[in-house]
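Trainee: For reference, this is model-v3.cif, and it has mmCIF, C-alpha atoms.
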```cif
data_protein
#
loop_
_atom_site.label_atom_id
_atom_site.label_comp_id
_atom_site.auth_asym_id
_atom_site.auth_seq_id
_atom_site.Cartn_x
_atom_site.Cartn_y
_atom_site.Cartn_z
CA MET A 1 16.40 -6.13 -23.67
CA THR A 2 17.14 -4.42 -20.34
CA VAL A 3 14.50 -1.79 -21.06
CA ILE A 4 11.81 -4.40 -21.74
CA ALA A 5 12.86 -6.28 -18.60
CA ASP A 6 12.67 -3.10 -16.50
CA ALA A 7 9.23 -2.22 -17.90
CA ALA A 8 8.04 -5.72 -17.02
CA ILE A 9 9.53 -5.39 -13.52
CA VAL A 10 7.65 -2.12 -12.92
CA ALA A 11 4.44 -3.66 -14.32
CA GLY A 12 4.98 -6.59 -11.93
CA LEU A 13 5.25 -4.18 -9.01
CA ILE A 14 1.98 -2.49 -10.01
CA LEU A 15 0.18 -5.85 -10.24
CA ASP A 16 1.69 -6.83 -6.89
CA ILE A 17 0.32 -3.66 -5.25
CA ILE A 18 -3.13 -4.16 -6.82
CA GLU A 19 -3.16 -7.73 -5.52
CA MET A 20 -2.20 -6.38 -2.08
CA TYR A 21 -5.37 -4.23 -2.05
CA ASN A 22 -7.49 -7.36 -2.33
CA ASP A 23 -5.56 -9.53 0.08
CA LYS A 24 -5.78 -8.43 3.71
CA GLY A 25 -4.48 -11.94 4.68
CA ILE A 26 -4.33 -11.42 8.41
CA LYS A 27 -5.48 -13.86 11.06
CA ILE A 28 -6.03 -12.13 14.37
CA ASP A 29 -7.81 -12.42 17.70
CA VAL A 30 -8.11 -10.19 20.76
CA ASP A 31 -5.34 -12.07 22.61
CA THR A 32 -2.71 -11.61 19.88
CA LEU A 33 -3.71 -8.11 18.73
CA GLN A 34 -1.17 -6.12 20.78
CA GLU A 35 1.66 -8.47 19.85
CA ARG A 36 0.79 -8.12 16.17
CA ILE A 37 0.69 -4.30 16.43
CA ALA A 38 4.16 -4.34 18.02
CA ASP A 39 5.43 -6.59 15.21
CA GLU A 40 4.03 -4.28 12.52
CA GLN A 41 5.45 -1.20 14.26
CA ALA A 42 8.89 -2.82 14.29
CA ARG A 43 8.45 -3.73 10.62
CA ARG A 44 7.50 -0.14 9.82
CA ASP A 45 10.61 1.19 11.59
CA GLU A 46 12.79 -1.20 9.60
CA ILE A 47 11.18 -0.29 6.25
CA ASN A 48 11.37 3.44 6.99
CA LYS A 49 15.03 3.10 7.87
CA LYS A 50 15.78 1.39 4.56
CA LEU A 51 13.78 3.95 2.56
CA GLY A 52 15.32 6.87 4.45
CA ILE A 53 11.95 7.98 5.81
CA ARG A 54 12.19 9.61 9.25
CA MET B 1 6.26 -4.16 -27.01
CA GLN B 2 2.93 -5.69 -28.02
CA MET B 3 2.94 -7.67 -24.79
CA ASN B 4 3.52 -4.51 -22.75
CA ARG B 5 0.58 -2.85 -24.51
CA VAL B 6 -1.68 -5.79 -23.62
CA LEU B 7 -0.36 -5.71 -20.05
CA ARG B 8 -1.13 -2.01 -19.79
CA ILE B 9 -4.71 -2.56 -20.97
CA CYS B 10 -5.08 -5.33 -18.38
CA LEU B 11 -3.65 -3.04 -15.69
CA ALA B 12 -6.08 -0.28 -16.60
CA GLY B 13 -8.96 -2.77 -16.36
CA LEU B 14 -7.74 -4.07 -13.02
CA LEU B 15 -7.42 -0.53 -11.70
CA VAL B 16 -10.98 0.28 -12.68
CA LEU B 17 -12.54 -2.99 -11.53
CA GLY B 18 -10.31 -3.82 -8.59
CA VAL B 19 -8.82 -0.79 -6.93
CA ALA B 20 -11.49 1.80 -7.67
CA GLY B 21 -14.23 -0.58 -6.56
CA THR B 22 -12.68 -1.39 -3.22
CA SER B 23 -10.37 1.48 -2.30
CA THR B 24 -12.76 3.33 -0.05
CA THR B 25 -13.61 0.21 1.91
CA VAL B 26 -10.20 -1.42 2.10
CA LEU B 27 -9.25 -0.43 5.61
CA THR B 28 -12.52 -0.37 7.47
CA SER B 29 -15.22 -2.51 5.85
CA CYS B 30 -16.12 -5.78 4.13
CA THR B 31 -13.56 -6.93 1.58
CA PRO B 32 -12.93 -10.27 -0.16
CA THR B 33 -10.67 -11.32 2.74
CA GLN B 34 -11.38 -10.12 6.26
CA THR B 35 -9.49 -7.24 7.76
CA ALA B 36 -8.30 -7.34 11.36
CA THR B 37 -11.04 -4.81 12.15
CA MET B 38 -13.79 -7.10 10.86
CA GLN B 39 -12.39 -10.10 12.73
CA ILE B 40 -12.08 -8.21 16.01
CA LYS B 41 -15.59 -6.74 15.64
CA ASP B 42 -16.84 -10.34 15.58
CA GLN B 43 -15.11 -10.95 18.91
CA THR B 44 -15.74 -7.81 20.97
CA ASN B 45 -17.70 -4.56 21.18
CA ASP B 46 -14.93 -2.76 23.09
CA PRO B 47 -14.27 0.44 21.05
CA TYR B 48 -10.64 0.60 22.23
CA VAL B 49 -9.90 -2.93 21.00
CA ILE B 50 -11.69 -2.23 17.70
CA ALA B 51 -9.66 0.98 17.33
CA ASP B 52 -6.48 -1.05 17.91
CA ALA B 53 -7.50 -3.46 15.15
CA ALA B 54 -8.23 -0.61 12.71
CA TYR B 55 -4.81 0.84 13.49
CA LEU B 56 -3.26 -2.56 12.80
CA ASP B 57 -4.99 -2.67 9.38
CA ALA B 58 -3.69 0.81 8.54
CA LEU B 59 -0.18 -0.10 9.72
CA LYS B 60 -0.16 -3.30 7.70
CA PHE B 61 -1.45 -1.48 4.61
CA TYR B 62 1.41 1.01 4.82
CA ASN B 63 4.01 -1.68 5.52
CA ASP B 64 2.86 -3.92 2.66
CA LEU B 65 2.88 -1.01 0.22
CA ALA B 66 6.20 0.49 1.36
CA GLU B 67 7.90 -2.92 1.50
CA ARG B 68 6.83 -3.72 -2.07
CA TYR B 69 8.08 -0.33 -3.25
CA LEU B 70 11.37 -0.84 -1.42
CA ARG B 71 12.05 -4.02 -3.43
CA TYR B 72 11.70 -2.18 -6.76
CA ALA B 73 12.92 1.29 -5.78
CA PRO B 74 16.29 0.91 -7.62
CA TYR B 75 14.47 0.42 -10.96
CA ILE B 76 12.20 3.42 -10.38
CA GLU B 77 15.08 5.61 -9.23
CA ARG B 78 17.19 4.63 -12.26
CA HIS B 79 14.51 5.53 -14.82
CA ARG B 80 12.54 8.31 -13.09
CA PRO B 81 14.33 9.77 -10.05
CA ASP B 82 11.70 12.54 -9.94
CA ILE B 83 8.91 9.99 -9.45
CA HIS B 84 11.00 8.08 -6.92
CA MET B 85 11.20 11.29 -4.88
CA GLN B 86 7.44 11.82 -5.22
CA VAL B 87 6.72 8.28 -4.01
CA LEU B 88 9.04 8.78 -1.03
CA ALA B 89 7.25 12.05 -0.19
CA ILE B 90 3.88 10.26 -0.30
CA LEU B 91 5.17 7.41 1.88
CA ARG B 92 6.53 10.01 4.33
CA GLU B 93 3.09 11.65 4.46
CA MET B 94 1.42 8.27 4.98
CA ASP B 95 3.85 7.58 7.82
CA ARG B 96 2.88 10.91 9.42
CA MET B 97 -0.79 9.97 9.08
CA LEU B 98 -0.09 6.77 11.01
CA VAL B 99 1.36 8.86 13.85
CA THR B 100 -1.89 10.86 13.87
CA TRP B 101 -3.88 7.60 13.67
CA GLU B 102 -2.10 6.35 16.81
CA GLY B 103 -3.63 9.26 18.73
CA PHE B 104 -7.11 8.26 17.57
CA LYS B 105 -6.38 4.64 18.51
CA ASP B 106 -5.47 5.63 22.06
CA ALA B 107 -8.79 7.52 22.31
CA GLY B 108 -10.75 4.47 21.08
CA VAL B 109 -11.72 6.13 17.80
CA VAL B 110 -11.52 4.72 14.26
CA PRO B 111 -10.63 7.63 11.92
CA ASN B 112 -12.41 6.51 8.72
CA ARG B 113 -11.34 9.65 6.86
CA LEU B 114 -7.67 8.81 7.41
CA GLY B 115 -8.35 5.28 6.13
CA THR B 116 -9.77 6.66 2.90
CA GLU B 117 -6.85 9.07 2.54
CA LEU B 118 -4.32 6.27 3.02
CA THR B 119 -5.89 4.18 0.24
CA ASP B 120 -6.10 7.28 -1.97
CA TYR B 121 -2.36 7.81 -1.51
CA GLY B 122 -1.84 4.16 -2.48
CA ASN B 123 -3.79 4.82 -5.70
CA ILE B 124 -1.61 7.87 -6.43
CA ILE B 125 1.50 5.70 -6.07
CA ILE B 126 0.04 3.21 -8.56
CA ASP B 127 -0.63 6.07 -11.01
CA LEU B 128 2.96 7.26 -10.63
CA LEU B 129 4.27 3.74 -11.26
CA LEU B 130 2.15 3.50 -14.42
CA GLN B 131 3.87 6.70 -15.58
CA VAL B 132 7.26 5.05 -15.00
CA ASP B 133 6.15 1.96 -16.95
CA ASN B 134 4.99 4.15 -19.87
CA TYR B 135 8.18 6.19 -19.75
CA ILE B 136 10.44 3.14 -19.89
CA GLU B 137 8.56 1.78 -22.88
CA GLU B 138 8.36 5.07 -24.78
CA ASN B 139 11.94 6.20 -24.13
CA GLY B 140 13.61 2.81 -24.13
CA GLU B 141 15.86 3.46 -27.12
CA THR B 142 17.52 6.45 -25.43
CA LEU B 143 18.47 4.59 -22.26
#
```
Take the structure I supplied and represent it as structure tokens, if you would.
Mentor:
Amino acid sequence: MTVIADAAIVAGLILDIIEMYNDKGIKIDVDTLQERIADEQARRDEINKKLGIR
Amino acid sequence: MQMNRVLRICLAGLLVLGVAGTSTTVLTSCTPTQTATMQIKDQTNDPYVIADAAYLDALKFYNDLAERYLRYAPYIERHRPDIHMQVLAILREMDRMLVTWEGFKDAGVVPNRLGTELTDYGNIIIDLLLQVDNYIEENGETL
């Protein structure tokens, strides 16, 4: 049961990533561009810290 | 098991139709939803601002991918620690590419080659995850 659940979880991750490729879902204009870059840089630092990257 | 087989066939189809069809254009060109680069190009011709937007798209691509992986990393690590290490190595390389990209951004340049390489690395991660999915199904009884 656990094995099937884990296989489904991994399959869900793959589908999630594929969906991500097709969804750029970002609303941006020139005035908010720098703020958004700073937000994403902070997000990247946080993710990297959790994954042990850098 | 039958359901997993059907799911795998669907995934293969999606990979061919979805990812392969759009991967080279994901970060810099027309896609079903607009990238930051496309939106900013509609608003200005300033190459530095456009380069900032392209960098934002690359940054967001990495973050979305790495964040998704982070949520499921314990499952991958439990079943295939070797693949977990490979994915981390790829993410580390992608992170280095973003550092390089930042230099291009500051010079007002959009490095299209780096954009293609980033999406290619994303495709490699998907291939690795498919291997994990197959492994779990095929070796389930020994776990």
Trainee: Tell me, as JSON, numbers by chain, which residues lie within 12 Å of B:Lys41, counting all atoms listed in the file; anything in the same chain fewer than 6 positions away does not count.
Mentor: {"A": [28, 29, 30], "B": [28, 29, 30, 34, 35, 47, 48, 49, 50, 51, 52, 53, 54]}
Trainee: What does the PyMOL selection byres ((chain B and resi 73) around 12) select in this file, as number ranges by chain?
Mentor: A: 6, 9-10, 13, 50-52; B: 65-72, 74-81, 83-88, 129, 132
Trainee: Give me, as a ChimeraX atom specification, all polymer residues having an atom no more than 12 Å from B:Leu98, counting all atoms listed in the file and skipping those fewer than 4 positions away in the same chain.
Mentor: /A:40-41,44 /B:54-63,91-94,102-105,111,114-115,117-118
Trainee: Find, counting all atoms listed in the file, the residue in B:Glu138, B:Asp82, B:Asp127, B:Asp133 that gets nearest to chain A.
Mentor: B:Asp133
Trainee: Could you jot down the atom CA of A:Ile17 to atom CA of B:Glu137 separation for me, Å, one decimal place?
Mentor: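 Here the two named atoms are 20.2 Å from each other.
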Trainee: How big is the axis-aligned box around the listed atoms of stretch 31-47 of chain A once 4 Å is added on each side, and where is its centre? Give both in Å to one decimal, as JSON.
Mentor:
```
{"center_x": 3.7, "center_y": -5.4, "center_z": 14.4, "size_x": 26.1, "size_y": 21.3, "size_z": 24.4}
```
Trainee: Which is closer to chain A than all the others in B:Thr116, B:Asn134, B:Asn45, B:Thr100, using only C-alpha atoms?
Mentor: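 Closest to chain A, using only C-alpha atoms: B:Asn134.
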Trainee: Between atom CA of A:Arg43 and atom CA of B:Gly122, what is the spacing in Å?
Mentor: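 Answer for the atom CA of B:Gly122 to atom CA of A:Arg43 separation: 18.4 Å.
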Trainee: Using only C-alpha atoms, which of the listed residues (A:Glu46, A:Asp23, A:Asp31, A:Asp39) sits closest to chain B?
Mentor: A:Asp23
Trainee: Please determine, counting all atoms listed in the file, which residue among B:Asn139, B:Thr37, B:Gln43, B:Asn123 has the shortest atom-to-atom distance to A:Tyr21.
Mentor: B:Asn123
Trainee: Record the distance separating atom CA of A:Lys27 and atom CA of B:Gln39, expressed in Å with one decimal.
Mentor: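 Interatomic distance, atom CA of A:Lys27 to atom CA of B:Gln39: 8.0 Å.
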Trainee: Could N, CA and C atoms be built for stretch 17-51 of chain A and written out as a PDB file, in the frame of the given file?
Mentor:
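Once written, out-v6.pdb looks like this:
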```
ATOM      1  N   ILE A  17       0.995  -4.613  -6.140  1.00  0.00           N
ATOM      2  CA  ILE A  17       0.320  -3.660  -5.250  1.00  0.00           C
ATOM      3  C   ILE A  17      -1.200  -3.811  -5.378  1.00  0.00           C
ATOM      4  N   ILE A  18      -1.679  -3.979  -6.620  1.00  0.00           N
ATOM      5  CA  ILE A  18      -3.130  -4.160  -6.820  1.00  0.00           C
ATOM      6  C   ILE A  18      -3.600  -5.410  -6.087  1.00  0.00           C
ATOM      7  N   GLU A  19      -2.811  -6.475  -6.205  1.00  0.00           N
ATOM      8  CA  GLU A  19      -3.160  -7.730  -5.520  1.00  0.00           C
ATOM      9  C   GLU A  19      -3.201  -7.507  -4.006  1.00  0.00           C
ATOM     10  N   MET A  20      -2.262  -6.688  -3.513  1.00  0.00           N
ATOM     11  CA  MET A  20      -2.200  -6.380  -2.080  1.00  0.00           C
ATOM     12  C   MET A  20      -3.508  -5.753  -1.582  1.00  0.00           C
ATOM     13  N   TYR A  21      -4.115  -4.886  -2.426  1.00  0.00           N
ATOM     14  CA  TYR A  21      -5.370  -4.230  -2.050  1.00  0.00           C
ATOM     15  C   TYR A  21      -6.460  -5.253  -1.747  1.00  0.00           C
ATOM     16  N   ASN A  22      -6.420  -6.376  -2.477  1.00  0.00           N
ATOM     17  CA  ASN A  22      -7.490  -7.360  -2.330  1.00  0.00           C
ATOM     18  C   ASN A  22      -7.153  -8.476  -1.358  1.00  0.00           C
ATOM     19  N   ASP A  23      -5.952  -8.465  -0.820  1.00  0.00           N
ATOM     20  CA  ASP A  23      -5.560  -9.530   0.080  1.00  0.00           C
ATOM     21  C   ASP A  23      -5.171  -8.942   1.438  1.00  0.00           C
ATOM     22  N   LYS A  24      -6.077  -8.960   2.370  1.00  0.00           N
ATOM     23  CA  LYS A  24      -5.780  -8.430   3.710  1.00  0.00           C
ATOM     24  C   LYS A  24      -5.090  -9.504   4.548  1.00  0.00           C
ATOM     25  N   GLY A  25      -5.122 -10.769   4.083  1.00  0.00           N
ATOM     26  CA  GLY A  25      -4.480 -11.940   4.680  1.00  0.00           C
ATOM     27  C   GLY A  25      -3.947 -11.803   6.090  1.00  0.00           C
ATOM     28  N   ILE A  26      -4.803 -11.559   7.030  1.00  0.00           N
ATOM     29  CA  ILE A  26      -4.330 -11.420   8.410  1.00  0.00           C
ATOM     30  C   ILE A  26      -5.281 -12.217   9.304  1.00  0.00           C
ATOM     31  N   LYS A  27      -4.674 -13.047  10.139  1.00  0.00           N
ATOM     32  CA  LYS A  27      -5.480 -13.860  11.060  1.00  0.00           C
ATOM     33  C   LYS A  27      -5.210 -13.312  12.459  1.00  0.00           C
ATOM     34  N   ILE A  28      -6.245 -12.843  13.109  1.00  0.00           N
ATOM     35  CA  ILE A  28      -6.030 -12.130  14.370  1.00  0.00           C
ATOM     36  C   ILE A  28      -7.144 -12.426  15.367  1.00  0.00           C
ATOM     37  N   ASP A  29      -6.789 -12.390  16.658  1.00  0.00           N
ATOM     38  CA  ASP A  29      -7.810 -12.420  17.700  1.00  0.00           C
ATOM     39  C   ASP A  29      -7.413 -11.441  18.795  1.00  0.00           C
ATOM     40  N   VAL A  30      -8.323 -11.208  19.726  1.00  0.00           N
ATOM     41  CA  VAL A  30      -8.110 -10.190  20.760  1.00  0.00           C
ATOM     42  C   VAL A  30      -6.815 -10.451  21.542  1.00  0.00           C
ATOM     43  N   ASP A  31      -6.508 -11.730  21.792  1.00  0.00           N
ATOM     44  CA  ASP A  31      -5.340 -12.070  22.610  1.00  0.00           C
ATOM     45  C   ASP A  31      -4.008 -11.756  21.923  1.00  0.00           C
ATOM     46  N   THR A  32      -3.986 -11.820  20.591  1.00  0.00           N
ATOM     47  CA  THR A  32      -2.710 -11.610  19.880  1.00  0.00           C
ATOM     48  C   THR A  32      -2.610 -10.230  19.225  1.00  0.00           C
ATOM     49  N   LEU A  33      -3.643  -9.412  19.405  1.00  0.00           N
ATOM     50  CA  LEU A  33      -3.710  -8.110  18.730  1.00  0.00           C
ATOM     51  C   LEU A  33      -2.523  -7.193  19.081  1.00  0.00           C
ATOM     52  N   GLN A  34      -2.248  -7.042  20.373  1.00  0.00           N
ATOM     53  CA  GLN A  34      -1.170  -6.120  20.780  1.00  0.00           C
ATOM     54  C   GLN A  34       0.193  -6.590  20.279  1.00  0.00           C
ATOM     55  N   GLU A  35       0.384  -7.905  20.328  1.00  0.00           N
ATOM     56  CA  GLU A  35       1.660  -8.470  19.850  1.00  0.00           C
ATOM     57  C   GLU A  35       1.834  -8.189  18.361  1.00  0.00           C
ATOM     58  N   ARG A  36       0.740  -8.333  17.618  1.00  0.00           N
ATOM     59  CA  ARG A  36       0.790  -8.120  16.170  1.00  0.00           C
ATOM     60  C   ARG A  36       1.041  -6.640  15.841  1.00  0.00           C
ATOM     61  N   ILE A  37       0.449  -5.744  16.634  1.00  0.00           N
ATOM     62  CA  ILE A  37       0.690  -4.300  16.430  1.00  0.00           C
ATOM     63  C   ILE A  37       2.175  -3.992  16.667  1.00  0.00           C
ATOM     64  N   ALA A  38       2.730  -4.566  17.721  1.00  0.00           N
ATOM     65  CA  ALA A  38       4.160  -4.340  18.020  1.00  0.00           C
ATOM     66  C   ALA A  38       5.037  -4.849  16.880  1.00  0.00           C
ATOM     67  N   ASP A  39       4.663  -6.023  16.335  1.00  0.00           N
ATOM     68  CA  ASP A  39       5.430  -6.590  15.210  1.00  0.00           C
ATOM     69  C   ASP A  39       5.387  -5.659  13.995  1.00  0.00           C
ATOM     70  N   GLU A  40       4.172  -5.154  13.692  1.00  0.00           N
ATOM     71  CA  GLU A  40       4.030  -4.280  12.520  1.00  0.00           C
ATOM     72  C   GLU A  40       4.730  -2.941  12.729  1.00  0.00           C
ATOM     73  N   GLN A  41       4.741  -2.457  13.979  1.00  0.00           N
ATOM     74  CA  GLN A  41       5.450  -1.200  14.260  1.00  0.00           C
ATOM     75  C   GLN A  41       6.952  -1.376  14.058  1.00  0.00           C
ATOM     76  N   ALA A  42       7.465  -2.536  14.481  1.00  0.00           N
ATOM     77  CA  ALA A  42       8.890  -2.820  14.290  1.00  0.00           C
ATOM     78  C   ALA A  42       9.199  -2.945  12.795  1.00  0.00           C
ATOM     79  N   ARG A  43       8.278  -3.575  12.071  1.00  0.00           N
ATOM     80  CA  ARG A  43       8.450  -3.730  10.620  1.00  0.00           C
ATOM     81  C   ARG A  43       8.461  -2.366   9.931  1.00  0.00           C
ATOM     82  N   ARG A  44       7.566  -1.503  10.380  1.00  0.00           N
ATOM     83  CA  ARG A  44       7.500  -0.140   9.820  1.00  0.00           C
ATOM     84  C   ARG A  44       8.801   0.624  10.066  1.00  0.00           C
ATOM     85  N   ASP A  45       9.344   0.517  11.280  1.00  0.00           N
ATOM     86  CA  ASP A  45      10.610   1.190  11.590  1.00  0.00           C
ATOM     87  C   ASP A  45      11.726   0.709  10.664  1.00  0.00           C
ATOM     88  N   GLU A  46      11.752  -0.600  10.442  1.00  0.00           N
ATOM     89  CA  GLU A  46      12.790  -1.200   9.600  1.00  0.00           C
ATOM     90  C   GLU A  46      12.659  -0.722   8.146  1.00  0.00           C
ATOM     91  N   ILE A  47      11.421  -0.733   7.630  1.00  0.00           N
ATOM     92  CA  ILE A  47      11.180  -0.290   6.250  1.00  0.00           C
ATOM     93  C   ILE A  47      11.535   1.189   6.098  1.00  0.00           C
ATOM     94  N   ASN A  48      11.086   2.003   7.052  1.00  0.00           N
ATOM     95  CA  ASN A  48      11.370   3.440   6.990  1.00  0.00           C
ATOM     96  C   ASN A  48      12.864   3.729   7.006  1.00  0.00           C
ATOM     97  N   LYS A  49      13.579   2.929   7.788  1.00  0.00           N
ATOM     98  CA  LYS A  49      15.030   3.100   7.870  1.00  0.00           C
ATOM     99  C   LYS A  49      15.659   2.827   6.505  1.00  0.00           C
ATOM    100  N   LYS A  50      15.212   1.749   5.868  1.00  0.00           N
ATOM    101  CA  LYS A  50      15.780   1.390   4.560  1.00  0.00           C
ATOM    102  C   LYS A  50      15.412   2.397   3.473  1.00  0.00           C
ATOM    103  N   LEU A  51      14.210   2.976   3.569  1.00  0.00           N
ATOM    104  CA  LEU A  51      13.780   3.950   2.560  1.00  0.00           C
ATOM    105  C   LEU A  51      14.282   5.358   2.864  1.00  0.00           C
TER     106      LEU A  51
END
```
